[in-house]
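Q: Sending over work-v3.cif (mmCIF, C-alpha atoms).
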```
data_protein
loop_
_atom_site.label_atom_id
_atom_site.label_comp_id
_atom_site.auth_asym_id
_atom_site.auth_seq_id
_atom_site.Cartn_x
_atom_site.Cartn_y
_atom_site.Cartn_z
CA MET A 1 150.40 78.39 19.50
CA ALA A 2 150.87 82.18 19.41
CA LEU A 3 148.00 84.29 20.58
CA ARG A 4 146.36 86.32 17.84
CA LEU A 5 145.46 89.77 19.07
CA THR A 6 142.12 90.15 17.36
CA VAL A 7 139.90 93.12 18.14
CA GLN A 8 137.93 91.01 20.59
CA VAL A 9 141.07 89.77 22.35
CA GLN A 10 142.29 93.35 22.61
CA LEU A 11 139.00 94.43 24.16
CA VAL A 12 139.20 91.67 26.79
CA LEU A 13 142.81 92.47 27.58
CA GLN A 14 142.07 96.19 27.84
CA ALA A 15 139.23 95.49 30.27
CA LEU A 16 141.46 93.28 32.41
CA LEU A 17 144.37 95.71 32.23
CA ARG A 18 142.34 98.62 33.61
CA ASP A 19 143.01 97.13 37.02
CA PRO A 20 145.24 94.07 36.69
CA ALA A 21 144.74 93.05 40.32
CA ARG A 22 140.97 93.07 39.99
CA GLU A 23 139.13 89.83 39.35
CA MET A 24 136.30 89.99 36.85
CA TYR A 25 133.60 87.45 36.08
CA GLY A 26 132.10 86.67 32.70
CA LEU A 27 129.13 89.01 32.85
CA GLU A 28 131.27 91.95 34.01
CA LEU A 29 133.73 91.34 31.20
CA SER A 30 130.94 90.99 28.70
CA GLU A 31 129.44 94.30 29.80
CA GLU A 32 132.76 96.14 29.85
CA THR A 33 133.85 94.92 26.45
CA GLY A 34 130.46 94.89 24.72
CA LEU A 35 131.13 91.31 23.63
CA GLN A 36 128.53 88.62 23.90
CA PRO A 37 129.35 86.12 26.69
CA GLY A 38 129.68 83.29 24.20
CA THR A 39 132.31 85.32 22.38
CA ALA A 40 134.27 86.28 25.47
CA TYR A 41 134.50 82.72 26.81
CA PRO A 42 136.77 81.18 24.12
CA ILE A 43 139.01 84.25 24.35
CA LEU A 44 139.37 83.87 28.10
CA LEU A 45 140.06 80.17 27.64
CA ARG A 46 142.83 80.91 25.12
CA LEU A 47 144.32 83.59 27.35
CA GLU A 48 144.25 81.16 30.26
CA ARG A 49 146.01 78.48 28.24
CA GLU A 50 148.66 80.97 27.22
CA GLY A 51 149.19 81.76 30.90
CA TRP A 52 148.10 85.36 30.56
CA VAL A 53 145.00 84.90 32.67
CA ALA A 54 144.22 82.86 35.76
CA SER A 55 140.74 81.87 36.84
CA ARG A 56 138.99 80.39 39.82
CA TRP A 57 135.49 79.47 40.88
CA GLU A 58 133.90 81.76 43.44
CA ASP A 59 133.72 80.12 46.85
CA ILE A 60 130.08 80.53 47.82
CA ASP A 61 127.11 78.44 48.86
CA PRO A 62 124.87 78.68 45.78
CA ARG A 63 121.78 77.92 47.87
CA ALA A 64 122.48 80.73 50.30
CA GLU A 65 123.36 83.18 47.52
CA LYS A 66 120.52 81.91 45.32
CA ARG A 67 122.77 81.93 42.27
CA PRO A 68 125.49 79.68 40.86
CA ALA A 69 129.12 80.42 41.64
CA ARG A 70 130.89 82.79 39.27
CA ARG A 71 134.14 82.09 37.51
CA TYR A 72 136.56 84.93 38.20
CA TYR A 73 139.36 85.91 35.83
CA ARG A 74 142.38 88.10 36.40
CA LEU A 75 145.63 88.78 34.60
CA THR A 76 148.65 86.88 35.87
CA PRO A 77 151.71 89.06 36.60
CA GLY A 78 153.34 87.71 33.44
CA GLY A 79 150.12 88.19 31.51
CA ALA A 80 149.84 91.81 32.59
CA VAL A 81 153.38 92.49 31.38
CA ALA A 82 152.82 90.62 28.12
CA ALA A 83 149.48 92.33 27.47
CA SER A 84 150.90 95.78 28.22
CA ALA A 85 153.70 95.09 25.78
CA ALA A 86 151.51 93.55 23.08
CA LEU A 87 148.58 95.94 23.00
CA PRO A 88 150.36 99.10 21.79
CA GLY A 89 151.77 97.21 18.82
CA ALA A 90 148.54 95.45 17.99
CA ARG A 91 146.45 96.35 14.97
CA ARG A 92 143.97 99.00 16.08
CA PRO A 93 140.33 98.18 15.51
CA ASN A 94 138.98 100.27 12.66
CA GLY A 95 135.59 101.96 12.57
CA THR A 96 133.88 99.14 10.71
CA ALA A 97 135.07 96.54 13.19
CA LEU A 98 133.91 98.62 16.13
CA ARG A 99 130.52 99.22 14.49
CA ARG A 100 130.11 95.49 13.91
CA LEU A 101 131.00 94.80 17.51
CA ALA A 102 128.53 97.38 18.75
CA GLU A 103 125.77 95.92 16.57
CA GLY A 104 126.27 92.22 17.11
CA GLY A 105 128.34 91.83 20.23
CA GLY A 106 131.14 90.40 18.14
CA THR A 107 132.10 86.90 17.19
CA ALA A 108 135.22 85.18 18.33
CA MET B 1 119.51 74.85 38.85
CA MET B 2 119.30 76.60 35.54
CA PRO B 3 116.81 75.20 33.12
CA GLY B 4 113.61 75.26 35.14
CA ILE B 5 111.74 71.99 35.08
CA GLY B 6 112.31 70.06 31.88
CA ARG B 7 109.43 68.88 29.78
CA GLU B 8 110.36 65.27 30.28
CA GLU B 9 110.69 65.72 34.01
CA ARG B 10 107.23 67.29 34.16
CA ARG B 11 105.90 64.43 32.12
CA ASN B 12 107.47 61.90 34.46
CA LYS B 13 105.97 63.64 37.48
CA ARG B 14 102.48 63.91 36.05
CA ALA B 15 102.25 60.48 34.46
CA PRO B 16 101.62 58.68 37.79
CA VAL B 17 98.98 61.27 38.71
CA VAL B 18 97.18 60.69 35.42
CA ALA B 19 97.45 56.93 35.92
CA VAL B 20 95.93 57.17 39.41
CA ILE B 21 93.06 59.32 38.11
CA VAL B 22 92.32 56.89 35.28
CA ALA B 23 92.45 53.91 37.66
CA GLY B 24 90.22 55.75 40.14
CA THR B 25 87.78 56.57 37.37
CA ALA B 26 87.62 52.95 36.30
CA ALA B 27 87.06 51.80 39.88
CA ALA B 28 84.40 54.44 40.55
CA SER B 29 82.58 53.60 37.32
CA ALA B 30 82.46 49.98 38.34
CA LEU B 31 81.01 50.87 41.73
CA VAL B 32 78.21 53.25 40.74
CA GLN B 33 74.83 52.17 39.42
CA PRO B 34 74.74 51.42 35.68
CA GLY B 35 72.76 54.55 34.78
CA TRP B 36 75.28 56.87 36.47
CA GLN B 37 78.54 55.42 35.24
CA TRP B 38 79.12 58.38 32.94
CA VAL B 39 79.48 60.77 35.92
CA PRO B 40 82.74 59.43 37.39
CA LEU B 41 83.91 58.60 33.87
CA ALA B 42 83.44 62.17 32.64
CA ALA B 43 84.88 63.71 35.81
CA GLY B 44 87.87 61.36 35.82
CA MET B 45 88.68 61.79 32.15
CA SER B 46 88.39 65.60 32.46
CA ALA B 47 90.79 65.57 35.41
CA ALA B 48 93.24 63.28 33.59
CA ILE B 49 93.20 65.49 30.48
CA ALA B 50 93.62 68.65 32.58
CA VAL B 51 96.64 67.25 34.42
CA GLY B 52 98.12 65.71 31.30
CA ALA B 53 97.69 68.86 29.20
CA ARG B 54 99.82 70.87 31.61
CA ILE B 55 102.79 68.77 30.58
CA ASP B 56 102.97 70.32 27.16
CA ARG B 57 102.12 73.88 28.12
CA PRO B 58 105.25 76.02 27.73
CA GLY B 59 106.37 76.97 31.21
CA GLY B 60 103.43 75.05 32.65
CA ARG B 61 104.05 74.47 36.32
CA GLY B 62 101.90 72.74 38.80
CA ARG B 63 102.04 71.59 42.36
CA GLY B 64 104.99 69.32 42.91
CA SER B 65 107.11 70.91 40.21
CA GLY B 66 109.39 72.25 42.94
CA ARG B 67 109.52 75.69 41.38
CA SER B 68 106.62 77.41 43.10
CA GLY B 69 105.14 78.50 39.83
CA ARG B 70 107.74 81.23 39.26
CA GLY B 71 108.37 82.23 35.67
CA ARG B 72 111.65 82.79 33.90
CA ASP B 73 111.50 86.54 34.24
CA ASP B 74 111.89 86.23 37.97
CA GLY B 75 115.04 84.22 37.76
CA ASP B 76 113.71 80.74 37.40
CA GLY B 77 115.67 79.81 34.31
CA PRO B 78 114.50 80.01 30.74
CA ALA B 79 111.22 78.73 29.44
CA GLY B 80 109.83 78.43 25.94
CA PRO B 81 112.39 79.18 23.20
CA ALA B 82 115.07 80.02 25.77
CA ALA B 83 114.55 76.66 27.47
CA HIS B 84 114.86 74.96 24.11
CA ARG B 85 118.15 76.76 23.50
CA TRP B 86 119.31 75.86 27.02
CA HIS B 87 118.75 72.19 26.24
CA MET B 88 120.80 72.71 23.10
CA LEU B 89 123.58 74.13 25.28
CA VAL B 90 123.44 71.01 27.43
CA MET B 91 123.61 68.81 24.34
CA VAL B 92 126.51 70.80 22.89
CA SER B 93 128.40 70.56 26.18
CA ARG B 94 128.23 66.80 25.81
CA LEU B 95 130.11 67.06 22.54
CA MET B 96 133.08 68.53 24.40
CA PRO B 97 135.58 66.63 26.52
CA ARG B 98 133.83 65.93 29.82
CA SER B 99 135.59 68.36 32.17
CA ALA B 100 135.75 71.14 29.58
CA GLY B 101 132.07 70.68 28.75
CA ARG B 102 131.12 70.80 32.40
CA ARG B 103 133.06 73.99 32.94
CA TRP B 104 131.62 75.61 29.82
CA LEU B 105 128.08 74.74 30.87
CA ALA B 106 128.64 75.81 34.48
CA GLU B 107 129.97 79.18 33.35
CA ALA B 108 127.09 79.62 30.95
CA GLU B 109 124.65 78.71 33.71
CA SER B 110 126.27 81.14 36.11
CA LEU B 111 126.18 83.98 33.62
CA LEU B 112 122.68 83.28 32.33
CA SER B 113 121.30 83.22 35.85
CA GLU B 114 122.45 86.82 36.37
CA ILE B 115 121.59 88.25 32.99
CA THR B 116 118.24 89.94 32.34
CA ALA B 117 115.61 87.85 30.59
CA THR B 118 115.65 90.16 27.57
CA ARG B 119 119.36 89.54 26.99
CA ARG B 120 119.28 85.85 27.80
CA GLY B 121 118.24 84.67 24.36
CA ALA B 122 121.06 86.57 22.64
CA ALA B 123 123.56 85.32 25.21
CA ILE B 124 122.54 81.68 24.71
CA ARG B 125 122.70 82.21 20.96
CA SER B 126 126.23 83.54 21.27
CA TYR B 127 127.24 80.48 23.29
CA LEU B 128 125.73 78.23 20.63
CA LEU B 129 127.42 80.12 17.79
CA SER B 130 130.85 79.90 19.38
CA ALA B 131 130.37 76.27 20.42
CA PRO B 132 131.48 74.47 17.22
CA ARG B 133 134.89 76.16 17.23
CA LEU B 134 135.17 75.53 20.93
CA VAL B 135 134.36 71.83 20.53
CA VAL B 136 137.08 71.49 17.89
CA MET B 137 139.54 73.52 19.97
CA MET B 138 138.95 71.44 23.09
CA TRP B 139 139.24 68.07 21.36
CA ALA B 140 142.34 69.23 19.51
CA ARG B 141 143.91 70.27 22.77
CA LYS B 142 142.96 66.99 24.40
CA ALA B 143 144.44 65.04 21.50
CA LEU B 144 147.59 67.13 21.71
CA LEU B 145 147.93 66.48 25.43
CA ARG B 146 147.48 62.76 24.86
CA ALA B 147 150.04 62.67 22.08
CA ARG B 148 152.57 64.58 24.14
CA PRO B 149 154.43 62.31 26.56
CA GLY B 150 153.62 63.48 30.07
CA PRO B 151 155.55 62.98 33.30
CA GLY B 152 153.51 59.93 34.32
CA ARG B 153 153.34 58.47 30.85
CA PRO B 154 155.87 56.05 29.44
CA GLY B 155 157.68 57.13 26.31
#
```
Let me see the file written as structure tokens.

A:
Amino acid sequence: MALRLTVQVQLVLQALLRDPAREMYGLELSEETGLQPGTAYPILLRLEREGWVASRWEDIDPRAEKRPARRYYRLTPGGAVAASAALPGARRPNGTALRRLAEGGGTA
Amino acid sequence: MMPGIGREERRNKRAPVVAVIVAGTAAASALVQPGWQWVPLAAGMSAAIAVGARIDRPGGRGRGSGRSGRGRDDGDGPAGPAAHRWHMLVMVSRLMPRSAGRRWLAEAESLLSEITATRRGAAIRSYLLSAPRLVVMMWARKALLRARPGPGRPG
């Protein structure tokens, strides 16, 4: 199944592409993109299934850290190339779409 | 870790306490002189009602809850409407294939534990809104993987 580059997908890819080697967790991505976490999750899942993104659980002791482990996402080398190639040709988000995202955090 | 102490769990913890108080009241009433039976009866019933009523108080926490009486704003998981929505998240995760549901819930838990209380409600709502599509997507993928002959599968 081909990946549809919706506005939300573009925002996630742009956030990950800023530093392709950097791992980001859900809350970071949500804050950087302005998307609600529930919106970002299915996008990350689709990107992972397409092989554009890889993820891993943080290796911590939740009791010592007093928080659950985070799930970190980063672009795969192939994903970074594919995203860099796909984004310039993608449909640019128009003003209305951006306003809706800013107001409601977007829907997947 | 996430959802604080559930209502049912609180109920289960307090039920034996209430039972002991009621039994103690009955025993004490039997022991005291006939004219004074109302004293242990009134005291016992008041104690039983006080303990029992805490079960249904939103965010009500008592000794033995294991949460030291901390509220949701200090990182103890949601209470009230947020707790209700959290339970909905748990229920929705059960509609997904097991491993996918576990991962979804674990990620939601991880994120919600770090988010500020004011944003938690909206975040849970967004998880719930995206859940139906996700459930369909996950089952469709699972069905597709089953239909596709794998390396260890005959055919």

Q: Show me, as a list in words, the residues that have an atom within 6 Å of range 8-25 of chain A when counting all atoms listed in the file, minus same-chain residues fewer than 6 positions from it.

A: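 Counting only the stated atoms, we get Thr33, Arg71, Tyr72, Tyr73, Arg74 and Leu75 of chain A.
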
Q: Return as JSON lines the residues of chain A lying at most 7 Å from chain B, together with the closest atom-to-atom pair for each and the distance in Å to one decimal, counting only C-alpha atoms, with rows in chain order and ascending residue number.

A:
```
{"residue": "A:Gly26", "atom": "CA", "partner": "B:Leu111", "partner_atom": "CA", "distance": 6.6}
{"residue": "A:Leu27", "atom": "CA", "partner": "B:Leu111", "partner_atom": "CA", "distance": 5.9}
{"residue": "A:Gln36", "atom": "CA", "partner": "B:Ala123", "partner_atom": "CA", "distance": 6.1}
{"residue": "A:Pro37", "atom": "CA", "partner": "B:Ala123", "partner_atom": "CA", "distance": 6.0}
{"residue": "A:Gly38", "atom": "CA", "partner": "B:Tyr127", "partner_atom": "CA", "distance": 3.8}
{"residue": "A:Thr39", "atom": "CA", "partner": "B:Ser130", "partner_atom": "CA", "distance": 6.4}
{"residue": "A:Pro42", "atom": "CA", "partner": "B:Leu134", "partner_atom": "CA", "distance": 6.7}
{"residue": "A:Arg67", "atom": "CA", "partner": "B:Ser113", "partner_atom": "CA", "distance": 6.7}
{"residue": "A:Pro68", "atom": "CA", "partner": "B:Ser110", "partner_atom": "CA", "distance": 5.0}
{"residue": "A:Ala69", "atom": "CA", "partner": "B:Ser110", "partner_atom": "CA", "distance": 6.3}
{"residue": "A:Arg70", "atom": "CA", "partner": "B:Ser110", "partner_atom": "CA", "distance": 5.8}
{"residue": "A:Arg71", "atom": "CA", "partner": "B:Glu107", "partner_atom": "CA", "distance": 6.6}
{"residue": "A:Ala108", "atom": "CA", "partner": "B:Ser130", "partner_atom": "CA", "distance": 6.9}
```

Q: Would you write out those residues with C-alpha atoms, as an mmCIF file, keeping the file's coordinate frame?

A:
```
data_model
loop_
_atom_site.group_PDB
_atom_site.id
_atom_site.type_symbol
_atom_site.label_atom_id
_atom_site.label_comp_id
_atom_site.auth_asym_id
_atom_site.auth_seq_id
_atom_site.Cartn_x
_atom_site.Cartn_y
_atom_site.Cartn_z
ATOM 1 C CA GLY A 26 132.100 86.670 32.700
ATOM 2 C CA LEU A 27 129.130 89.010 32.850
ATOM 3 C CA GLN A 36 128.530 88.620 23.900
ATOM 4 C CA PRO A 37 129.350 86.120 26.690
ATOM 5 C CA GLY A 38 129.680 83.290 24.200
ATOM 6 C CA THR A 39 132.310 85.320 22.380
ATOM 7 C CA PRO A 42 136.770 81.180 24.120
ATOM 8 C CA ARG A 67 122.770 81.930 42.270
ATOM 9 C CA PRO A 68 125.490 79.680 40.860
ATOM 10 C CA ALA A 69 129.120 80.420 41.640
ATOM 11 C CA ARG A 70 130.890 82.790 39.270
ATOM 12 C CA ARG A 71 134.140 82.090 37.510
ATOM 13 C CA ALA A 108 135.220 85.180 18.330
#
```

Q: I'd like the interatomic distance between CA of Val17 in chain B and CA of Ala47 in chain B, to a tenth of an Å.

A: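 Between these atoms lies a distance of 9.8 Å.
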
Q: Which residue is closest to Glu50 in chain A? Choose from A:Gly79, A:Pro62, A:Gly89, A:Gly34 and count only C-alpha atoms.

A: A:Gly79

Q: Report, in Å to a single decimal, how far apart CA of Arg148 in chain B and CA of Leu47 in chain A are.

A: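 We find that CA of Leu47 in chain A and CA of Arg148 in chain B lie 21.0 Å from each other.
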
Q: If the PyMOL selection byres ((chain B and resi 141) around 12) were run on this exact file, what residues would it hold? Put them as a PDB file with C-alpha atoms, in the coordinates of the input.

A:
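Written output follows (out-v6.pdb):
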```pdb
ATOM      1  CA  MET A   1     150.400  78.390  19.500  1.00  0.00           C
ATOM      2  CA  LEU A  45     140.060  80.170  27.640  1.00  0.00           C
ATOM      3  CA  ARG A  46     142.830  80.910  25.120  1.00  0.00           C
ATOM      4  CA  ARG A  49     146.010  78.480  28.240  1.00  0.00           C
TER       5      ARG A  49
ATOM      6  CA  MET B  96     133.080  68.530  24.400  1.00  0.00           C
ATOM      7  CA  PRO B  97     135.580  66.630  26.520  1.00  0.00           C
ATOM      8  CA  ALA B 100     135.750  71.140  29.580  1.00  0.00           C
ATOM      9  CA  LEU B 134     135.170  75.530  20.930  1.00  0.00           C
ATOM     10  CA  VAL B 135     134.360  71.830  20.530  1.00  0.00           C
ATOM     11  CA  VAL B 136     137.080  71.490  17.890  1.00  0.00           C
ATOM     12  CA  MET B 137     139.540  73.520  19.970  1.00  0.00           C
ATOM     13  CA  MET B 138     138.950  71.440  23.090  1.00  0.00           C
ATOM     14  CA  TRP B 139     139.240  68.070  21.360  1.00  0.00           C
ATOM     15  CA  ALA B 140     142.340  69.230  19.510  1.00  0.00           C
ATOM     16  CA  LYS B 142     142.960  66.990  24.400  1.00  0.00           C
ATOM     17  CA  ALA B 143     144.440  65.040  21.500  1.00  0.00           C
ATOM     18  CA  LEU B 144     147.590  67.130  21.710  1.00  0.00           C
ATOM     19  CA  LEU B 145     147.930  66.480  25.430  1.00  0.00           C
ATOM     20  CA  ARG B 146     147.480  62.760  24.860  1.00  0.00           C
ATOM     21  CA  ALA B 147     150.040  62.670  22.080  1.00  0.00           C
ATOM     22  CA  ARG B 148     152.570  64.580  24.140  1.00  0.00           C
TER      23      ARG B 148
END
```

Q: One decimal, in Å: what's the spacing between CA of Arg94 in chain B and CA of Pro132 in chain B?

A: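 These two atoms are separated by 12.0 Å.
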
Q: Can you pull out the residues contacting Val39 in chain B? Cut-off 12 Å, using all atoms listed in the file, and skip same-chain residues under 5 positions away; I want them as JSON, numbers by chain.

A: {"B": [25, 26, 28, 29, 30, 31, 32, 33, 34, 44, 45, 46]}

Q: Starting from the incomplete input, reconstruct N, CA and C atoms of range 8-33 of chain A and write that as a tab-separated table (two decimals), in the frame of the given file.

A:
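Okay, rebuild-v6.tsv is ready:
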```tsv
chain	number	residue	atom	x	y	z
A	8	GLN	N	138.62	91.50	19.39
A	8	GLN	CA	137.93	91.01	20.59
A	8	GLN	C	138.91	90.69	21.71
A	9	VAL	N	140.04	90.09	21.35
A	9	VAL	CA	141.07	89.77	22.35
A	9	VAL	C	141.60	91.07	22.96
A	10	GLN	N	141.81	92.07	22.11
A	10	GLN	CA	142.29	93.35	22.61
A	10	GLN	C	141.30	93.97	23.60
A	11	LEU	N	140.01	93.86	23.27
A	11	LEU	CA	139.00	94.43	24.16
A	11	LEU	C	139.01	93.75	25.53
A	12	VAL	N	139.15	92.42	25.52
A	12	VAL	CA	139.20	91.67	26.79
A	12	VAL	C	140.44	92.05	27.58
A	13	LEU	N	141.56	92.12	26.90
A	13	LEU	CA	142.81	92.47	27.58
A	13	LEU	C	142.76	93.89	28.14
A	14	GLN	N	142.19	94.81	27.36
A	14	GLN	CA	142.07	96.19	27.84
A	14	GLN	C	141.21	96.25	29.10
A	15	ALA	N	140.12	95.50	29.10
A	15	ALA	CA	139.23	95.49	30.27
A	15	ALA	C	139.96	94.94	31.50
A	16	LEU	N	140.73	93.88	31.29
A	16	LEU	CA	141.46	93.28	32.41
A	16	LEU	C	142.62	94.16	32.86
A	17	LEU	N	143.19	94.89	31.91
A	17	LEU	CA	144.37	95.71	32.23
A	17	LEU	C	144.01	97.00	32.97
A	18	ARG	N	142.72	97.38	32.92
A	18	ARG	CA	142.34	98.62	33.61
A	18	ARG	C	142.72	98.55	35.09
A	19	ASP	N	142.54	97.36	35.65
A	19	ASP	CA	143.01	97.13	37.02
A	19	ASP	C	143.47	95.67	37.08
A	20	PRO	N	144.76	95.45	36.84
A	20	PRO	CA	145.24	94.07	36.69
A	20	PRO	C	145.03	93.21	37.94
A	21	ALA	N	144.91	93.84	39.10
A	21	ALA	CA	144.74	93.05	40.32
A	21	ALA	C	143.28	92.66	40.53
A	22	ARG	N	142.40	93.31	39.79
A	22	ARG	CA	140.97	93.07	39.99
A	22	ARG	C	140.51	91.79	39.28
A	23	GLU	N	139.71	91.02	39.97
A	23	GLU	CA	139.13	89.83	39.35
A	23	GLU	C	137.79	90.22	38.72
A	24	MET	N	137.56	89.69	37.54
A	24	MET	CA	136.30	89.99	36.85
A	24	MET	C	135.63	88.68	36.45
A	25	TYR	N	134.31	88.65	36.53
A	25	TYR	CA	133.60	87.45	36.08
A	25	TYR	C	133.00	87.69	34.70
A	26	GLY	N	132.52	86.63	34.11
A	26	GLY	CA	132.10	86.67	32.70
A	26	GLY	C	131.15	87.79	32.33
A	27	LEU	N	130.13	88.00	33.17
A	27	LEU	CA	129.13	89.01	32.85
A	27	LEU	C	129.73	90.41	32.89
A	28	GLU	N	130.59	90.65	33.89
A	28	GLU	CA	131.27	91.95	34.01
A	28	GLU	C	132.11	92.21	32.76
A	29	LEU	N	132.86	91.20	32.38
A	29	LEU	CA	133.73	91.34	31.20
A	29	LEU	C	132.91	91.58	29.95
A	30	SER	N	131.82	90.85	29.86
A	30	SER	CA	130.94	90.99	28.70
A	30	SER	C	130.38	92.41	28.62
A	31	GLU	N	130.00	92.95	29.78
A	31	GLU	CA	129.44	94.30	29.80
A	31	GLU	C	130.51	95.36	29.51
A	32	GLU	N	131.69	95.14	30.04
A	32	GLU	CA	132.76	96.14	29.85
A	32	GLU	C	133.28	96.15	28.42
A	33	THR	N	133.29	94.99	27.80
A	33	THR	CA	133.85	94.92	26.45
A	33	THR	C	132.78	95.09	25.37
```
